[in-house]
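Following: one structure in structure tokens, then a few remarks.
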Amino acid sequence: MYPRDRINNPTTMHPVNKMRSRNALRGLPKTVHGGQAWKLDGVEDYSHNLNPFGPPADLDEIILSAVSELGHYPDDSCIKLKETIARTFSVDIENITIGAGSSDIIRNFPNTFINPGDKVLLSRPSFAEYGQQCRIVGADIWWNDLTEDEDFRLDVDKISEFIDMGIKALYICNPNNPTGRVEPRDKILKIVKECEEHDTLVFLDETLLELVADYDKISCAKYVKQYKNLIVAGSLTKSFAIPGIRIGFGFGDKDLIAEMEKVRMTWNVGQIEQTVARVLIGERMDYVHTAARIMFDESKVMNKELKALDFPVGELSDSFFYFDPLRSLGIKSAEFQKLMLRDNVMVRDCASFGYPFEWYVRFSVKDRERNDLFIKAVENSMKALR
């Protein structure tokens, strides 16, 4: 067949159509995240939620200790790391899956359990990757809108109505990102129990929780042995301020974990990551808990000083970061971000979370010296607005 005949043949007229991506990907944008101030010289980043004290001082030594093992493939089972995690979090090895950051766990969950058309309940605003990964697998996303009138808290009765309508999975972020609200353990487990009775899965993201005071009284990680429908995600990214080293983990019923292991990429966590995680989790968790206590105390000071400036900070944050409306100042978060950058301070513009959050700003708590710089930047921005 000559080229001309091939062009006129109706069976081959549009071969390019065969190379299109799946329908679920059409119009799907990349997600937007904070933590971009590293691209700017001399800017203090309040747009991310990392441990403000940075990684432990001996992190370089821990990394170097893994170099001698880089000549072979990493242990795909991550058995030594799982043994350390099991001891620390009071679970069994069979209850653990390891990921390249919690984002890996967030990706693997819908790829394991969600079929195209399954109904999935997400809160809004919340972490953008949940919706992104659910859309990629073709889920039917239902939205539970969190409102300022209800202090952005989860409404158990409202969630019950969604559960009754046959959702396949429910996502909860605790503390919620970006709102900073922390839900108590009893409330979370009440939702998990009701979901279990309806064969509904619960994905609980506790990635930010370890930097919250009284973490051990809130976390539901150890309850994965009690509930058959619960997956809990964690990470070292925030707690040890190491976003450049991708280490995450998920807890769940052993049968759920076994299924998630089927979609996990082979050798997804390298030897350096496994070594770093094993040492930090096994020997350095006090470092994280100390940071959480300091930030809790510093949050009280920051909240008081911001109120003295008539900045609309609201009540003391449940967590170590704030999510505040700027309507009373007559300015959207993108413009406020520009004002703060005049003093080399970066805050999070929350417009990416959708309407009406272009009016909201998110910022974290750090140590006293840097928080004083933040307060001064707010004071200067308020003067500029007047």
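The chains in the structure tokens are called A, B, ... from first to last as shown; in each chain the residues are counted from 1, and the ligands are counted from 1 in the order shown.
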Asn111 of chain A environment, 10 Å, only C-alpha atoms, sequence neighbours closer than 5 positions dropped, as a short mmCIF file (atom, residue, chain, number, x, y, z; two decimals) with C-alpha atoms, in the first residue's frame:
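Written file, selection02.cif:
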data_model
loop_
_atom_site.label_atom_id
_atom_site.label_comp_id
_atom_site.auth_asym_id
_atom_site.auth_seq_id
_atom_site.Cartn_x
_atom_site.Cartn_y
_atom_site.Cartn_z
CA ILE A 105 1.73 6.16 49.72
CA ILE A 106 -0.87 8.69 48.55
CA GLN A 133 -4.20 10.83 42.35
CA CYS A 134 -7.91 9.98 42.57
CA ILE A 136 -5.72 9.88 37.62
CA VAL A 137 -7.39 6.54 38.41
CA MET A 260 -0.71 -2.12 48.30
CA LYS A 262 1.44 -5.24 44.61
CA VAL A 263 1.44 -1.75 43.09
CA ARG A 264 4.50 -0.40 44.91
#
How would you write, as a PyMOL selection string, the set of residues in segment 149-324 of chain A that DSSP gives as alpha helix (DSSP H)?
chain A and resi 156-164+185-197+254-263+271-283+285-308
Do a neighbour search on Ala292 of chain A at 12 Å with only C-alpha atoms, toss out local chain neighbours closer than 3 positions, and write the hits as JSON, numbers by chain.
-> {"A": [49, 50, 51, 52, 53, 208, 209, 210, 211, 212, 213, 214, 215, 216, 238, 239, 240, 285, 286, 287, 288, 289, 295, 296, 297, 298, 299, 318, 319, 320, 321, 365, 366, 367]}
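For segment 159-286 of chain A, a DSSP pass over the backbone yields strand (DSSP E) at Ala169, Leu170, Tyr171, Ile172, Cys173, Leu201, Val202, Phe203, Leu204, Asp205, Leu230, Ile231, Val232, Ala233, Gly234, Ser235, Gly248, Phe249, Gly250, Phe251 and Gly252 of chain A.
Shortest separation to Asp92 of chain A among A:Val202, A:Ala169, A:Ile257, A:Val182 occurs at residue A:Ile257, atoms counted being only C-alpha atoms.
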Note to self: At a cut-off of 9 Å, using only C-alpha atoms, what residues contact Val120 of chain A? Leave out same-chain residues fewer than 3 positions from it and give the result as a PyMOL selection string.
What the structure shows: chain A and resi 114+134+139-143+167-171
Kindly export the residues of the current selection with N, CA and C atoms, as an mmCIF file, in the first residue's frame.
data_model
loop_
_atom_site.group_PDB
_atom_site.id
_atom_site.type_symbol
_atom_site.label_atom_id
_atom_site.label_comp_id
_atom_site.auth_asym_id
_atom_site.auth_seq_id
_atom_site.Cartn_x
_atom_site.Cartn_y
_atom_site.Cartn_z
ATOM 1 N N ILE A 114 -9.044 1.855 44.193
ATOM 2 C CA ILE A 114 -10.091 2.653 43.555
ATOM 3 C C ILE A 114 -10.233 2.288 42.073
ATOM 4 N N CYS A 134 -6.581 10.589 42.781
ATOM 5 C CA CYS A 134 -7.905 9.983 42.565
ATOM 6 C C CYS A 134 -8.410 10.261 41.153
ATOM 7 N N ALA A 139 -11.530 8.180 39.539
ATOM 8 C CA ALA A 139 -12.535 8.163 40.607
ATOM 9 C C ALA A 139 -13.569 9.262 40.400
ATOM 10 N N ASP A 140 -14.736 9.046 40.960
ATOM 11 C CA ASP A 140 -15.805 10.046 41.004
ATOM 12 C C ASP A 140 -15.656 10.774 42.340
ATOM 13 N N ILE A 141 -15.116 11.984 42.301
ATOM 14 C CA ILE A 141 -14.794 12.707 43.539
ATOM 15 C C ILE A 141 -15.993 13.487 44.045
ATOM 16 N N TRP A 142 -16.330 13.263 45.307
ATOM 17 C CA TRP A 142 -17.339 14.031 46.018
ATOM 18 C C TRP A 142 -16.632 14.920 47.022
ATOM 19 N N TRP A 143 -17.152 16.141 47.206
ATOM 20 C CA TRP A 143 -16.460 17.123 48.039
ATOM 21 C C TRP A 143 -17.205 17.389 49.339
ATOM 22 N N ILE A 167 -19.918 5.704 49.401
ATOM 23 C CA ILE A 167 -18.573 6.057 48.972
ATOM 24 C C ILE A 167 -17.618 4.875 49.190
ATOM 25 N N LYS A 168 -16.634 4.765 48.325
ATOM 26 C CA LYS A 168 -15.652 3.678 48.419
ATOM 27 C C LYS A 168 -14.559 4.015 49.419
ATOM 28 N N ALA A 169 -14.189 5.304 49.477
ATOM 29 C CA ALA A 169 -13.100 5.704 50.356
ATOM 30 C C ALA A 169 -13.288 7.141 50.828
ATOM 31 N N LEU A 170 -12.743 7.410 52.003
ATOM 32 C CA LEU A 170 -12.788 8.732 52.624
ATOM 33 C C LEU A 170 -11.362 9.136 52.972
ATOM 34 N N TYR A 171 -10.996 10.375 52.659
ATOM 35 C CA TYR A 171 -9.674 10.902 52.989
ATOM 36 C C TYR A 171 -9.788 11.890 54.144
#
Contacts of Thr275 of chain A at 12 Å (only C-alpha atoms; same-chain gap of 2+ positions) as a VMD selection string:
chain A and resid 59 to 70 74 to 75 78 to 82 84 245 to 247 269 to 273 277 to 283
Those selected residues, please, written with N, CA and C atoms and delivered as a tab-separated table (two decimals), in the first residue's frame.
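This went into out_23.tsv:
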chain	number	residue	atom	x	y	z
A	59	LEU	N	23.30	14.41	60.30
A	59	LEU	CA	22.66	13.77	59.15
A	59	LEU	C	23.68	13.38	58.08
A	60	ASP	N	24.68	14.22	57.86
A	60	ASP	CA	25.68	13.89	56.85
A	60	ASP	C	26.43	12.61	57.21
A	61	GLU	N	26.71	12.40	58.49
A	61	GLU	CA	27.39	11.18	58.92
A	61	GLU	C	26.50	9.95	58.71
A	62	ILE	N	25.21	10.12	58.97
A	62	ILE	CA	24.27	9.00	58.76
A	62	ILE	C	24.22	8.62	57.29
A	63	ILE	N	24.19	9.65	56.42
A	63	ILE	CA	24.17	9.39	54.98
A	63	ILE	C	25.44	8.68	54.54
A	64	LEU	N	26.58	9.15	55.01
A	64	LEU	CA	27.85	8.55	54.62
A	64	LEU	C	27.98	7.10	55.09
A	65	SER	N	27.30	6.76	56.18
A	65	SER	CA	27.38	5.40	56.69
A	65	SER	C	26.75	4.39	55.74
A	66	ALA	N	25.94	4.89	54.79
A	66	ALA	CA	25.27	3.99	53.83
A	66	ALA	C	26.07	3.81	52.55
A	67	VAL	N	27.13	4.59	52.37
A	67	VAL	CA	27.85	4.58	51.09
A	67	VAL	C	28.42	3.21	50.76
A	68	SER	N	28.92	2.49	51.76
A	68	SER	CA	29.55	1.20	51.49
A	68	SER	C	28.57	0.17	50.94
A	69	GLU	N	27.26	0.43	51.07
A	69	GLU	CA	26.25	-0.52	50.61
A	69	GLU	C	25.61	-0.13	49.28
A	70	LEU	N	26.14	0.89	48.62
A	70	LEU	CA	25.53	1.37	47.39
A	70	LEU	C	25.89	0.54	46.17
A	74	PRO	N	19.14	-1.98	46.75
A	74	PRO	CA	18.63	-1.88	48.12
A	74	PRO	C	17.67	-3.02	48.41
A	75	ASP	N	17.50	-3.32	49.68
A	75	ASP	CA	16.56	-4.38	50.08
A	75	ASP	C	15.14	-3.94	49.74
A	78	CYS	N	12.72	-3.75	52.59
A	78	CYS	CA	13.00	-2.76	53.65
A	78	CYS	C	12.85	-3.36	55.04
A	79	ILE	N	13.28	-4.60	55.21
A	79	ILE	CA	12.95	-5.34	56.42
A	79	ILE	C	13.54	-4.70	57.68
A	80	LYS	N	14.81	-4.23	57.62
A	80	LYS	CA	15.40	-3.61	58.81
A	80	LYS	C	14.67	-2.32	59.19
A	81	LEU	N	14.31	-1.55	58.17
A	81	LEU	CA	13.57	-0.32	58.43
A	81	LEU	C	12.19	-0.64	59.01
A	82	LYS	N	11.52	-1.64	58.46
A	82	LYS	CA	10.20	-2.01	58.98
A	82	LYS	C	10.29	-2.49	60.42
A	84	THR	N	12.37	-1.45	62.66
A	84	THR	CA	12.52	-0.23	63.48
A	84	THR	C	11.20	0.51	63.61
A	245	ILE	N	15.18	14.09	50.86
A	245	ILE	CA	15.36	12.65	51.03
A	245	ILE	C	13.97	12.06	51.17
A	246	ARG	N	13.56	11.25	50.22
A	246	ARG	CA	12.17	10.82	50.12
A	246	ARG	C	11.92	9.56	50.94
A	247	ILE	N	11.32	9.74	52.12
A	247	ILE	CA	11.01	8.62	53.00
A	247	ILE	C	9.57	8.77	53.53
A	269	VAL	N	12.61	2.73	47.43
A	269	VAL	CA	13.34	3.46	48.46
A	269	VAL	C	14.79	2.96	48.47
A	270	GLY	N	15.71	3.87	48.19
A	270	GLY	CA	17.12	3.51	48.07
A	270	GLY	C	17.79	3.21	49.40
A	271	GLN	N	19.02	2.76	49.33
A	271	GLN	CA	19.76	2.37	50.53
A	271	GLN	C	20.02	3.56	51.45
A	272	ILE	N	20.35	4.71	50.88
A	272	ILE	CA	20.57	5.90	51.71
A	272	ILE	C	19.31	6.25	52.49
A	273	GLU	N	18.17	6.24	51.79
A	273	GLU	CA	16.91	6.56	52.47
A	273	GLU	C	16.59	5.55	53.57
A	277	ALA	N	16.33	6.68	57.45
A	277	ALA	CA	15.07	6.46	58.15
A	277	ALA	C	15.24	5.56	59.36
A	278	ARG	N	16.04	4.52	59.21
A	278	ARG	CA	16.23	3.57	60.32
A	278	ARG	C	16.88	4.26	61.52
A	279	VAL	N	17.86	5.12	61.27
A	279	VAL	CA	18.53	5.81	62.37
A	279	VAL	C	17.64	6.88	62.97
A	280	LEU	N	17.00	7.69	62.14
A	280	LEU	CA	16.17	8.78	62.66
A	280	LEU	C	14.98	8.26	63.45
A	281	ILE	N	14.29	7.26	62.91
A	281	ILE	CA	13.12	6.71	63.61
A	281	ILE	C	13.54	5.93	64.85
A	282	GLY	N	14.63	5.22	64.75
A	282	GLY	CA	15.04	4.38	65.87
A	282	GLY	C	15.74	5.12	66.99
A	283	GLU	N	16.40	6.27	66.65
A	283	GLU	CA	17.24	6.91	67.65
A	283	GLU	C	17.01	8.41	67.84
| field | Within 8 Å of Thr31 of chain A using only C-alpha atoms, minus same-chain residues under 6 positions, as a PyMOL selection string | value | chain A and resi 128-129+132
Separating atom CA of Asn115 of chain A from atom CA of Asn229 of chain A, to the nearest tenth of an Å, is a gap of 16.6 Å
Nearest to Leu326 of chain A, restricted to only C-alpha atoms and choosing among A:Asp151, A:Asp41, A:Glu369, A:Glu358, comes out as A:Glu358
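Computed from the coordinates, the atom CA of Pro356 of chain A to atom CA of Val301 of chain A distance equals 28.6 Å.
Interatomic distance, atom CA of Gly71 of chain A against atom CA of Gln274 of chain A: 14.7 Å.
Nearest-residue note for Ser126 of chain A: choosing from A:Val232, A:Pro55, A:Gly354, A:Phe109, the minimum distance belongs to A:Gly354, counting only C-alpha atoms.
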Applying 9 Å and only C-alpha atoms, which residues near Lys225 of chain A remain after dropping the ones on its own chain fewer than 5 positions away? List them as number ranges by chain.
A: 91-92, 95, 230, 252-254
